[in-house]
file coords-v5.pdb (PDB, C-alpha atoms and all ligand atoms)
ATOM      1  CA  MET A   1     260.104 -88.782 180.482  1.00  0.00           C
ATOM      2  CA  GLY A   2     258.728 -90.647 183.497  1.00  0.00           C
ATOM      3  CA  LEU A   3     255.228 -90.503 184.944  1.00  0.00           C
ATOM      4  CA  LYS A   4     254.375 -91.195 188.555  1.00  0.00           C
ATOM      5  CA  GLN A   5     252.036 -90.618 191.446  1.00  0.00           C
ATOM      6  CA  ILE A   6     253.375 -88.181 194.040  1.00  0.00           C
ATOM      7  CA  ASP A   7     252.634 -87.688 197.744  1.00  0.00           C
ATOM      8  CA  HIS A   8     250.811 -84.711 199.226  1.00  0.00           C
ATOM      9  CA  GLY A   9     253.206 -82.550 201.242  1.00  0.00           C
ATOM     10  CA  SER A  10     256.355 -84.000 199.626  1.00  0.00           C
ATOM     11  CA  PRO A  11     259.032 -81.866 197.906  1.00  0.00           C
ATOM     12  CA  GLU A  12     257.533 -83.054 194.581  1.00  0.00           C
ATOM     13  CA  TYR A  13     254.121 -81.777 195.706  1.00  0.00           C
ATOM     14  CA  LYS A  14     255.674 -78.353 196.317  1.00  0.00           C
ATOM     15  CA  GLN A  15     257.083 -78.474 192.767  1.00  0.00           C
ATOM     16  CA  MET A  16     253.623 -79.393 191.504  1.00  0.00           C
ATOM     17  CA  VAL A  17     251.925 -76.488 193.278  1.00  0.00           C
ATOM     18  CA  GLN A  18     254.553 -74.138 191.815  1.00  0.00           C
ATOM     19  CA  LEU A  19     253.933 -75.452 188.280  1.00  0.00           C
ATOM     20  CA  ARG A  20     250.170 -75.187 188.724  1.00  0.00           C
ATOM     21  CA  TYR A  21     250.569 -71.640 190.018  1.00  0.00           C
ATOM     22  CA  LEU A  22     252.722 -70.589 187.047  1.00  0.00           C
ATOM     23  CA  ILE A  23     250.529 -72.155 184.368  1.00  0.00           C
ATOM     24  CA  LEU A  24     247.000 -72.006 185.755  1.00  0.00           C
ATOM     25  CA  ARG A  25     246.717 -69.293 188.416  1.00  0.00           C
ATOM     26  CA  GLN A  26     249.333 -66.540 188.065  1.00  0.00           C
ATOM     27  CA  PRO A  27     248.113 -65.577 184.551  1.00  0.00           C
ATOM     28  CA  LEU A  28     244.686 -64.929 186.098  1.00  0.00           C
ATOM     29  CA  GLY A  29     246.050 -63.013 189.085  1.00  0.00           C
ATOM     30  CA  LEU A  30     245.037 -65.860 191.415  1.00  0.00           C
ATOM     31  CA  GLY A  31     246.884 -68.064 193.908  1.00  0.00           C
ATOM     32  CA  PHE A  32     246.237 -71.052 196.184  1.00  0.00           C
ATOM     33  CA  SER A  33     245.054 -70.813 199.785  1.00  0.00           C
ATOM     34  CA  GLN A  34     246.502 -73.184 202.392  1.00  0.00           C
ATOM     35  CA  GLU A  35     242.961 -74.451 202.973  1.00  0.00           C
ATOM     36  CA  GLU A  36     242.537 -75.302 199.290  1.00  0.00           C
ATOM     37  CA  LEU A  37     245.809 -77.284 199.258  1.00  0.00           C
ATOM     38  CA  GLU A  38     244.918 -79.124 202.494  1.00  0.00           C
ATOM     39  CA  LYS A  39     241.783 -80.458 200.766  1.00  0.00           C
ATOM     40  CA  GLU A  40     243.997 -82.257 198.220  1.00  0.00           C
ATOM     41  CA  LYS A  41     245.298 -84.741 200.822  1.00  0.00           C
ATOM     42  CA  ASN A  42     243.158 -87.624 199.561  1.00  0.00           C
ATOM     43  CA  ASP A  43     243.434 -86.859 195.853  1.00  0.00           C
ATOM     44  CA  ILE A  44     245.544 -88.814 193.356  1.00  0.00           C
ATOM     45  CA  LEU A  45     248.430 -86.545 192.340  1.00  0.00           C
ATOM     46  CA  ILE A  46     250.235 -87.257 189.060  1.00  0.00           C
ATOM     47  CA  ALA A  47     253.308 -85.679 187.478  1.00  0.00           C
ATOM     48  CA  ALA A  48     255.612 -86.140 184.490  1.00  0.00           C
ATOM     49  CA  PHE A  49     259.341 -85.715 185.066  1.00  0.00           C
ATOM     50  CA  ASP A  50     262.528 -85.451 183.089  1.00  0.00           C
ATOM     51  CA  ASP A  51     265.108 -86.237 185.786  1.00  0.00           C
ATOM     52  CA  ASP A  52     264.207 -83.724 188.540  1.00  0.00           C
ATOM     53  CA  GLU A  53     262.376 -81.307 186.274  1.00  0.00           C
ATOM     54  CA  MET A  54     258.570 -81.468 186.470  1.00  0.00           C
ATOM     55  CA  LEU A  55     257.160 -81.214 182.943  1.00  0.00           C
ATOM     56  CA  GLY A  56     253.458 -81.391 183.691  1.00  0.00           C
ATOM     57  CA  CYS A  57     250.854 -82.619 186.143  1.00  0.00           C
ATOM     58  CA  CYS A  58     247.223 -83.286 186.954  1.00  0.00           C
ATOM     59  CA  MET A  59     245.161 -84.556 189.866  1.00  0.00           C
ATOM     60  CA  LEU A  60     242.259 -86.981 190.156  1.00  0.00           C
ATOM     61  CA  VAL A  61     239.553 -86.184 192.680  1.00  0.00           C
ATOM     62  CA  PRO A  62     237.062 -88.907 193.685  1.00  0.00           C
ATOM     63  CA  ILE A  63     233.464 -87.826 192.986  1.00  0.00           C
ATOM     64  CA  ASN A  64     231.841 -91.205 193.765  1.00  0.00           C
ATOM     65  CA  HIS A  65     232.719 -94.935 193.494  1.00  0.00           C
ATOM     66  CA  HIS A  66     232.653 -94.798 189.688  1.00  0.00           C
ATOM     67  CA  THR A  67     233.894 -91.341 188.783  1.00  0.00           C
ATOM     68  CA  LEU A  68     237.051 -89.278 189.180  1.00  0.00           C
ATOM     69  CA  ARG A  69     237.371 -85.611 188.254  1.00  0.00           C
ATOM     70  CA  VAL A  70     240.572 -84.498 186.515  1.00  0.00           C
ATOM     71  CA  ARG A  71     241.782 -81.164 187.918  1.00  0.00           C
ATOM     72  CA  GLN A  72     244.764 -78.853 187.503  1.00  0.00           C
ATOM     73  CA  MET A  73     245.999 -80.297 184.221  1.00  0.00           C
ATOM     74  CA  ALA A  74     249.066 -78.264 183.285  1.00  0.00           C
ATOM     75  CA  VAL A  75     252.145 -78.621 181.101  1.00  0.00           C
ATOM     76  CA  ASN A  76     255.081 -76.224 181.413  1.00  0.00           C
ATOM     77  CA  ASN A  77     254.745 -73.346 178.935  1.00  0.00           C
ATOM     78  CA  ASN A  78     257.778 -74.053 176.781  1.00  0.00           C
ATOM     79  CA  LEU A  79     256.928 -77.786 176.585  1.00  0.00           C
ATOM     80  CA  GLN A  80     253.300 -77.623 175.441  1.00  0.00           C
ATOM     81  CA  GLY A  81     252.331 -79.300 172.166  1.00  0.00           C
ATOM     82  CA  LYS A  82     254.896 -82.110 172.471  1.00  0.00           C
ATOM     83  CA  GLY A  83     252.580 -84.901 173.634  1.00  0.00           C
ATOM     84  CA  ILE A  84     253.249 -84.518 177.376  1.00  0.00           C
ATOM     85  CA  GLY A  85     249.631 -83.658 178.231  1.00  0.00           C
ATOM     86  CA  ALA A  86     248.342 -86.663 176.266  1.00  0.00           C
ATOM     87  CA  SER A  87     250.838 -88.945 178.081  1.00  0.00           C
ATOM     88  CA  ILE A  88     249.743 -87.618 181.481  1.00  0.00           C
ATOM     89  CA  MET A  89     246.088 -88.230 180.590  1.00  0.00           C
ATOM     90  CA  ALA A  90     246.853 -91.783 179.371  1.00  0.00           C
ATOM     91  CA  PHE A  91     248.655 -92.481 182.674  1.00  0.00           C
ATOM     92  CA  ALA A  92     245.728 -90.984 184.633  1.00  0.00           C
ATOM     93  CA  GLU A  93     243.189 -93.096 182.732  1.00  0.00           C
ATOM     94  CA  ASN A  94     245.162 -96.316 183.339  1.00  0.00           C
ATOM     95  CA  LEU A  95     245.537 -95.507 187.034  1.00  0.00           C
ATOM     96  CA  ALA A  96     241.804 -94.759 187.286  1.00  0.00           C
ATOM     97  CA  ARG A  97     240.932 -98.076 185.558  1.00  0.00           C
ATOM     98  CA  ASP A  98     243.340 -99.986 187.842  1.00  0.00           C
ATOM     99  CA  LYS A  99     241.601 -98.483 190.869  1.00  0.00           C
ATOM    100  CA  GLY A 100     238.205 -99.609 189.554  1.00  0.00           C
ATOM    101  CA  TYR A 101     236.813 -96.295 188.277  1.00  0.00           C
ATOM    102  CA  SER A 102     234.795 -96.282 185.055  1.00  0.00           C
ATOM    103  CA  LYS A 103     234.439 -92.591 184.221  1.00  0.00           C
ATOM    104  CA  LEU A 104     236.580 -89.436 184.147  1.00  0.00           C
ATOM    105  CA  ILE A 105     235.089 -85.953 184.050  1.00  0.00           C
ATOM    106  CA  MET A 106     236.642 -82.492 184.093  1.00  0.00           C
ATOM    107  CA  HIS A 107     235.715 -78.816 184.056  1.00  0.00           C
ATOM    108  CA  ALA A 108     237.540 -77.969 180.829  1.00  0.00           C
ATOM    109  CA  ARG A 109     238.535 -74.419 180.023  1.00  0.00           C
ATOM    110  CA  ASN A 110     237.027 -73.661 176.613  1.00  0.00           C
ATOM    111  CA  THR A 111     240.573 -73.176 175.285  1.00  0.00           C
ATOM    112  CA  ALA A 112     241.426 -76.794 176.249  1.00  0.00           C
ATOM    113  CA  ILE A 113     238.280 -78.490 174.876  1.00  0.00           C
ATOM    114  CA  GLY A 114     240.067 -79.438 171.622  1.00  0.00           C
ATOM    115  CA  PHE A 115     242.822 -81.164 173.622  1.00  0.00           C
ATOM    116  CA  TYR A 116     240.359 -83.333 175.568  1.00  0.00           C
ATOM    117  CA  GLU A 117     238.284 -84.036 172.429  1.00  0.00           C
ATOM    118  CA  LYS A 118     241.391 -85.525 170.787  1.00  0.00           C
ATOM    119  CA  LEU A 119     241.534 -87.937 173.741  1.00  0.00           C
ATOM    120  CA  GLY A 120     237.891 -89.003 173.349  1.00  0.00           C
ATOM    121  CA  TYR A 121     236.170 -86.708 175.878  1.00  0.00           C
ATOM    122  CA  LYS A 122     232.755 -85.207 175.061  1.00  0.00           C
ATOM    123  CA  VAL A 123     231.240 -81.917 176.191  1.00  0.00           C
ATOM    124  CA  ILE A 124     228.110 -82.298 178.314  1.00  0.00           C
ATOM    125  CA  GLY A 125     225.881 -79.439 179.418  1.00  0.00           C
ATOM    126  CA  ASP A 126     226.114 -75.689 179.149  1.00  0.00           C
ATOM    127  CA  GLU A 127     228.967 -73.246 179.533  1.00  0.00           C
ATOM    128  CA  PHE A 128     229.754 -71.914 183.028  1.00  0.00           C
ATOM    129  CA  THR A 129     232.378 -69.625 184.551  1.00  0.00           C
ATOM    130  CA  GLU A 130     235.134 -70.812 186.884  1.00  0.00           C
ATOM    131  CA  VAL A 131     238.342 -68.970 187.883  1.00  0.00           C
ATOM    132  CA  LYS A 132     237.022 -66.105 185.705  1.00  0.00           C
ATOM    133  CA  LEU A 133     237.085 -68.295 182.542  1.00  0.00           C
ATOM    134  CA  PRO A 134     234.411 -70.023 180.426  1.00  0.00           C
ATOM    135  CA  HIS A 135     234.342 -73.792 180.991  1.00  0.00           C
ATOM    136  CA  HIS A 136     232.359 -76.886 179.988  1.00  0.00           C
ATOM    137  CA  VAL A 137     232.004 -80.214 181.771  1.00  0.00           C
ATOM    138  CA  MET A 138     233.517 -83.016 179.686  1.00  0.00           C
ATOM    139  CA  GLU A 139     233.442 -86.763 180.287  1.00  0.00           C
ATOM    140  CA  LYS A 140     234.676 -90.105 179.001  1.00  0.00           C
ATOM    141  CA  LYS A 141     233.752 -93.660 179.951  1.00  0.00           C
ATOM    142  CA  LEU A 142     236.898 -95.690 180.552  1.00  0.00           C
TER     143      LEU A 142
HETATM  144  C1  LIG B 201     246.044 -78.093 177.578  1.00  0.00           C
HETATM  145  C2  LIG B 201     247.398 -78.757 177.868  1.00  0.00           C
HETATM  146  C3  LIG B 201     247.309 -79.483 179.196  1.00  0.00           C
HETATM  147  C4  LIG B 201     247.683 -79.775 176.750  1.00  0.00           C
HETATM  148  O1  LIG B 201     248.921 -80.419 176.998  1.00  0.00           O
HETATM  149  P1  LIG B 201     250.030 -80.506 175.815  1.00  0.00           P
HETATM  150  O2  LIG B 201     251.167 -81.286 176.299  1.00  0.00           O
HETATM  151  O3  LIG B 201     250.271 -79.122 175.349  1.00  0.00           O
HETATM  152  O4  LIG B 201     249.193 -81.300 174.704  1.00  0.00           O
HETATM  153  P2  LIG B 201     249.723 -82.489 173.755  1.00  0.00           P
HETATM  154  O5  LIG B 201     250.964 -82.026 173.070  1.00  0.00           O
HETATM  155  O6  LIG B 201     249.779 -83.755 174.513  1.00  0.00           O
HETATM  156  O7  LIG B 201     248.522 -82.518 172.705  1.00  0.00           O
HETATM  157  C5  LIG B 201     247.794 -83.687 172.342  1.00  0.00           C
HETATM  158  C6  LIG B 201     246.929 -83.328 171.153  1.00  0.00           C
HETATM  159  O8  LIG B 201     245.997 -82.290 171.526  1.00  0.00           O
HETATM  160  C7  LIG B 201     246.198 -81.121 170.714  1.00  0.00           C
HETATM  161  N1  LIG B 201     246.069 -79.955 171.600  1.00  0.00           N
HETATM  162  C8  LIG B 201     246.875 -79.620 172.638  1.00  0.00           C
HETATM  163  N2  LIG B 201     246.417 -78.506 173.242  1.00  0.00           N
HETATM  164  C9  LIG B 201     245.306 -78.145 172.556  1.00  0.00           C
HETATM  165  C10 LIG B 201     244.375 -77.071 172.713  1.00  0.00           C
HETATM  166  N3  LIG B 201     244.498 -76.182 173.696  1.00  0.00           N
HETATM  167  N4  LIG B 201     243.342 -76.999 171.823  1.00  0.00           N
HETATM  168  C11 LIG B 201     243.194 -77.909 170.833  1.00  0.00           C
HETATM  169  N5  LIG B 201     244.053 -78.966 170.650  1.00  0.00           N
HETATM  170  C12 LIG B 201     245.082 -79.067 171.504  1.00  0.00           C
HETATM  171  C13 LIG B 201     247.608 -81.240 170.177  1.00  0.00           C
HETATM  172  O9  LIG B 201     247.742 -80.520 168.967  1.00  0.00           O
HETATM  173  C14 LIG B 201     247.734 -82.745 169.991  1.00  0.00           C
HETATM  174  O10 LIG B 201     247.090 -83.110 168.795  1.00  0.00           O
HETATM  175  P3  LIG B 201     247.688 -84.279 167.844  1.00  0.00           P
HETATM  176  O11 LIG B 201     247.568 -85.560 168.648  1.00  0.00           O
HETATM  177  O12 LIG B 201     246.803 -84.234 166.652  1.00  0.00           O
HETATM  178  O13 LIG B 201     249.108 -83.894 167.580  1.00  0.00           O
HETATM  179  C15 LIG B 201     248.555 -77.744 177.902  1.00  0.00           C
HETATM  180  O14 LIG B 201     248.663 -77.103 176.663  1.00  0.00           O
HETATM  181  C16 LIG B 201     248.443 -76.700 178.999  1.00  0.00           C
HETATM  182  O15 LIG B 201     248.936 -76.896 180.105  1.00  0.00           O
HETATM  183  N6  LIG B 201     247.778 -75.562 178.701  1.00  0.00           N
HETATM  184  C17 LIG B 201     247.632 -74.467 179.652  1.00  0.00           C
HETATM  185  C18 LIG B 201     246.814 -74.855 180.869  1.00  0.00           C
HETATM  186  C19 LIG B 201     245.469 -75.439 180.521  1.00  0.00           C
HETATM  187  O16 LIG B 201     244.727 -74.887 179.716  1.00  0.00           O
HETATM  188  N7  LIG B 201     245.141 -76.563 181.192  1.00  0.00           N
HETATM  189  C20 LIG B 201     243.871 -77.223 181.002  1.00  0.00           C
HETATM  190  C21 LIG B 201     242.874 -76.627 181.910  1.00  0.00           C
HETATM  191  S1  LIG B 201     241.282 -77.388 181.682  1.00  0.00           S
END

call {"tool": "encode", "arguments": {"input": "coords-v5.pdb", "output": "structure tokens"}}
result
Amino acid sequence: MGLKQIDHGSPEYKQMVQLRYLILRQPLGLGFSQEELEKEKNDILIAAFDDDEMLGCCMLVPINHHTLRVRQMAVNNNLQGKGIGASIMAFAENLARDKGYSKLIMHARNTAIGFYEKLGYKVIGDEFTEVKLPHHVMEKKL
């Protein structure tokens, strides 16, 4: 497995949007608008590959000079539970550190809180609803 940053608008980005749709949006009856995808131009896009197959992905969105928000963390359905998500997060954390950021946050689906806790993230604040699902903000100092 290889991990790398990918470019907005590239063929790999199209693969990423497809994976995100399959794992995160289609099950909820939701999609992506062109406007929503355009806003991702300045985000840090990360994906794990096995040859040409995309195994998983996430994105890092700058919140301020110190903090990045992890979004759209997804691993292909038949590959979950094999350590791919943890590898993507480790890559994301190293990239964030290299770029001078000191904190990562995310809006974690309640069903994914245990995953982020294993990686040292802590829940802060109360539950809220996003894309129809209960979420909590989580954070970790790098
Ligand atoms: C959540 C997700 C990204 C985790 O990626 P993954 O590759 O399946 O996770 P890993 O195999 O790297 O798991 C790392 C550790 O977290 C644990 N873990 C994984 N998913 C978990 C979950 N949903 N709840 C609790 N623990 C979880 C694993 O058991 C493993 O523990 P271990 O180190 O003791 O063996 C992935 O399952 C996924 O895409 N889920 C559907 C979409 C989703 O919910 N995305 C997150 C939105 S906030």

call {"tool": "resolve_selection", "arguments": {"input": "coords-v5.pdb", "expression": "the PyMOL selection byres (((chain A and resi 48-52) around 7) and not hetatm)", "output": "list in words"}}
result
Met1, Gly2, Leu3, Lys4, Ala47, Glu53, Met54, Leu55, Gly56, Cys57 and Ile88 of chain A

call {"tool": "residues_around", "arguments": {"input": "coords-v5.pdb", "residues": "A:Ile124", "least_positions_apart": "6", "cutoff": "12 Å", "atoms": "only C-alpha atoms", "output": "PyMOL selection string"}}
result
chain A and resi 105-108+113+117+135-140

call {"tool": "closest_atom_pairs", "arguments": {"input": "coords-v5.pdb", "of": "chain A", "to": "ligand LIG 201 (chain B)", "cutoff": "8 Å", "atoms": "only C-alpha atoms and all ligand atoms", "output": "tab-separated table"}}
result
residue	atom	partner	partner_atom	distance
A:Ile23	CA	B:LIG201	C18	5.8
A:Leu24	CA	B:LIG201	C18	5.7
A:Gly56	CA	B:LIG201	O15	7.3
A:Arg71	CA	B:LIG201	S1	7.3
A:Gln72	CA	B:LIG201	C21	6.3
A:Met73	CA	B:LIG201	N7	4.9
A:Ala74	CA	B:LIG201	O15	3.5
A:Val75	CA	B:LIG201	O15	3.8
A:Asn76	CA	B:LIG201	O15	6.3
A:Asn77	CA	B:LIG201	O15	6.9
A:Leu79	CA	B:LIG201	O2	6.7
A:Gln80	CA	B:LIG201	O3	3.4
A:Gly81	CA	B:LIG201	O5	3.2
A:Lys82	CA	B:LIG201	O5	4.0
A:Gly83	CA	B:LIG201	O6	3.2
A:Ile84	CA	B:LIG201	O2	4.0
A:Gly85	CA	B:LIG201	O2	3.4
A:Ala86	CA	B:LIG201	O6	3.7
A:Ser87	CA	B:LIG201	O6	6.4
A:Ile88	CA	B:LIG201	O6	8.0
A:Met106	CA	B:LIG201	S1	7.3
A:His107	CA	B:LIG201	S1	6.2
A:Ala108	CA	B:LIG201	S1	3.9
A:Arg109	CA	B:LIG201	S1	4.4
A:Asn110	CA	B:LIG201	S1	7.6
A:Thr111	CA	B:LIG201	N3	5.2
A:Ala112	CA	B:LIG201	N3	4.0
A:Ile113	CA	B:LIG201	N4	6.1
A:Gly114	CA	B:LIG201	C11	3.6
A:Phe115	CA	B:LIG201	C12	3.7
A:Tyr116	CA	B:LIG201	O8	7.0
A:Glu117	CA	B:LIG201	N5	7.9
A:Lys118	CA	B:LIG201	O8	5.7
A:Leu119	CA	B:LIG201	O8	7.5
A:His135	CA	B:LIG201	S1	7.8

call {"tool": "atom_distance", "arguments": {"input": "coords-v5.pdb", "atom1": "atom CA of A:Pro11", "atom2": "atom CA of A:Glu36"}}
result
17.8 Å

call {"tool": "atom_distance", "arguments": {"input": "coords-v5.pdb", "atom1": "atom CA of A:Gly125", "atom2": "atom CA of A:Ala92"}}
result
23.5 Å

call {"tool": "atom_distance", "arguments": {"input": "coords-v5.pdb", "atom1": "atom CA of A:Lys39", "atom2": "atom CA of A:Lys122"}}
result
27.7 Å

call {"tool": "residues_around", "arguments": {"input": "coords-v5.pdb", "residues": "A:Phe32", "least_positions_apart": "4", "cutoff": "12 Å", "atoms": "only C-alpha atoms", "output": "list in words"}}
result
Lys14, Val17, Gln18, Leu19, Arg20, Tyr21, Leu22, Leu24, Arg25, Gln26, Leu28, Glu36, Leu37, Glu38, Lys39, Glu40, Gln72 and Val131 of chain A

call {"tool": "resolve_selection", "arguments": {"input": "coords-v5.pdb", "expression": "the PyMOL selection byres (((chain A and resi 141) around 6) and not hetatm)", "output": "list of chain:residue names"}}
result
A:Ser102, A:Lys103, A:Lys140, A:Leu142

call {"tool": "resolve_selection", "arguments": {"input": "coords-v5.pdb", "expression": "the PyMOL selection byres (((chain A and resi 41) around 12) and not hetatm)", "output": "number ranges by chain"}}
result
A: 6-10, 13, 34-40, 42-45, 59-62

call {"tool": "closest_residue", "arguments": {"input": "coords-v5.pdb", "among": "A:Leu133, A:Met89, A:Leu30, A:Leu104", "to": "A:His66", "atoms": "all atoms listed in the file"}}
result
A:Leu104

call {"tool": "axis_aligned_box", "arguments": {"input": "coords-v5.pdb", "around": "stretch 121-138 of chain A", "padding_each_side": "6 Å", "output": "lines of an AutoDock Vina configuration file"}}
result
center_x = 232.1
center_y = -76.4
center_z = 181.5
size_x = 24.5
size_y = 32.6
size_z = 24.8

call {"tool": "closest_residue", "arguments": {"input": "coords-v5.pdb", "among": "A:Thr129, A:Gly29, A:Tyr101, A:Pro134", "to": "A:Asn64", "atoms": "only C-alpha atoms"}}
result
A:Tyr101
